[in-house]
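See structure below.
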Amino acid sequence: MDPDQLSKAFVEHYYSTFDSNTPNLLGLFQESSMLSFEGEKIQGAQNISNKLSSLPFQQCKHDISTVDCQPSGPAGGMMVFVSICNYQARNTLLNSARYAVFRARKLCVVMLVMFHQIPTPQGGFYVFNDIFCLNYA
């Protein structure tokens with residue numbers, strides 16, 4: 001499978017799992033993995049799973065807008081950049097002063113995510129870095 005197909009398959013799997021059973025994302029991370037979520041850094045598979053499972057927009061559907069990837073390093077890693085539109089998250093965030101911009105406009109929440117995937121000895125990949133940002137513009 002070429003890198004573009006592989007990254008799109010990963011993203012589809014990640015977000016279908018996130019939307020249906022977030023704790024099952026645990027297996028995609030290892031203890032060396034790190035999640036940066038809106039400035040907060042979380043390390044370790046269980047800690048990342050706990051954070052993702054505690055987000056206020058659990059009942060949602062991620063509408064994947066774009067997936068771009070590039071090879072990363074001689075070991076066969078991949079960088080995957082994803083942009084997502086999420087209308088359900090917008091509704092969840094409306095009550096927060098931090099997200100007041102969404103109250104005034106009828107917009108989706110644009111989520112930008114960068115995954116750095118590292119190959120495993122078994123032939124798969126794990127997420128080494130996951131950087132998540134909300135686009136406030």
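Labels for the structure tokens follow display order: chains A, B, ..., residues from 1 in each chain, ligands from 1.
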message = Env of Glu31 of chain A: 12 Å cut, atoms = only C-alpha atoms, seq-sep filter 6 positions within chain, self excluded. Answer as a list in words.
response =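 Everything that qualifies: Ile42, Gln43, Gly44, Ala45, Gln46, Asn47, Ile48, Ser49, Tyr126, Val127, Phe128 and Asn129 of chain A.
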Written file, previous selection with C-alpha atoms, as a PDB file, in the first residue's frame:
ATOM      1  CA  ILE A  42       0.335  14.245  27.693  1.00  0.00           C
ATOM      2  CA  GLN A  43       2.743  11.299  27.502  1.00  0.00           C
ATOM      3  CA  GLY A  44       2.086   7.574  27.583  1.00  0.00           C
ATOM      4  CA  ALA A  45      -0.564   5.395  25.982  1.00  0.00           C
ATOM      5  CA  GLN A  46      -2.897   5.197  28.988  1.00  0.00           C
ATOM      6  CA  ASN A  47      -2.648   8.925  29.755  1.00  0.00           C
ATOM      7  CA  ILE A  48      -3.396   9.785  26.122  1.00  0.00           C
ATOM      8  CA  SER A  49      -6.348   7.397  26.057  1.00  0.00           C
ATOM      9  CA  TYR A 126       2.102   3.382  16.228  1.00  0.00           C
ATOM     10  CA  VAL A 127       1.459   7.063  16.889  1.00  0.00           C
ATOM     11  CA  PHE A 128       4.618   8.602  18.325  1.00  0.00           C
ATOM     12  CA  ASN A 129       3.353  12.209  18.225  1.00  0.00           C
TER      13      ASN A 129
END
message = At a cut-off of 12 Å, using only C-alpha atoms, what residues contact Thr17 of chain A? Leave out same-chain residues fewer than 2 positions from it and give the result as a PyMOL selection string.
response = chain A and resi 10-15+19-28+49+52-53+58-62
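Going from atom CA of Asp4 of chain A to atom CA of Val82 of chain A covers 12.1 Å.
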key: Near-Leu112 of chain A list (7 Å; only C-alpha atoms; drop same-chain fewer than 4 positions) as a ChimeraX atom specification   = /A:82-84,132-135
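If you count only C-alpha atoms and ignore residues fewer than 6 places along the chain from segment 63-74 of chain A, what sits within 10 Å of it is A:Pro3, A:Asp4, A:Gln5, A:Leu6, A:Ser7, A:Lys8, A:Val11, A:Glu12, A:Tyr15, A:Val80, A:Phe81, A:Val82, A:Ser83, A:Ile84, A:Cys85, A:Asn86, A:Tyr87, A:Cys108, A:Val110, A:Met111, A:Leu112, A:Val113, A:Met114, A:Phe115, A:His116, A:Gln117, A:Ile118.
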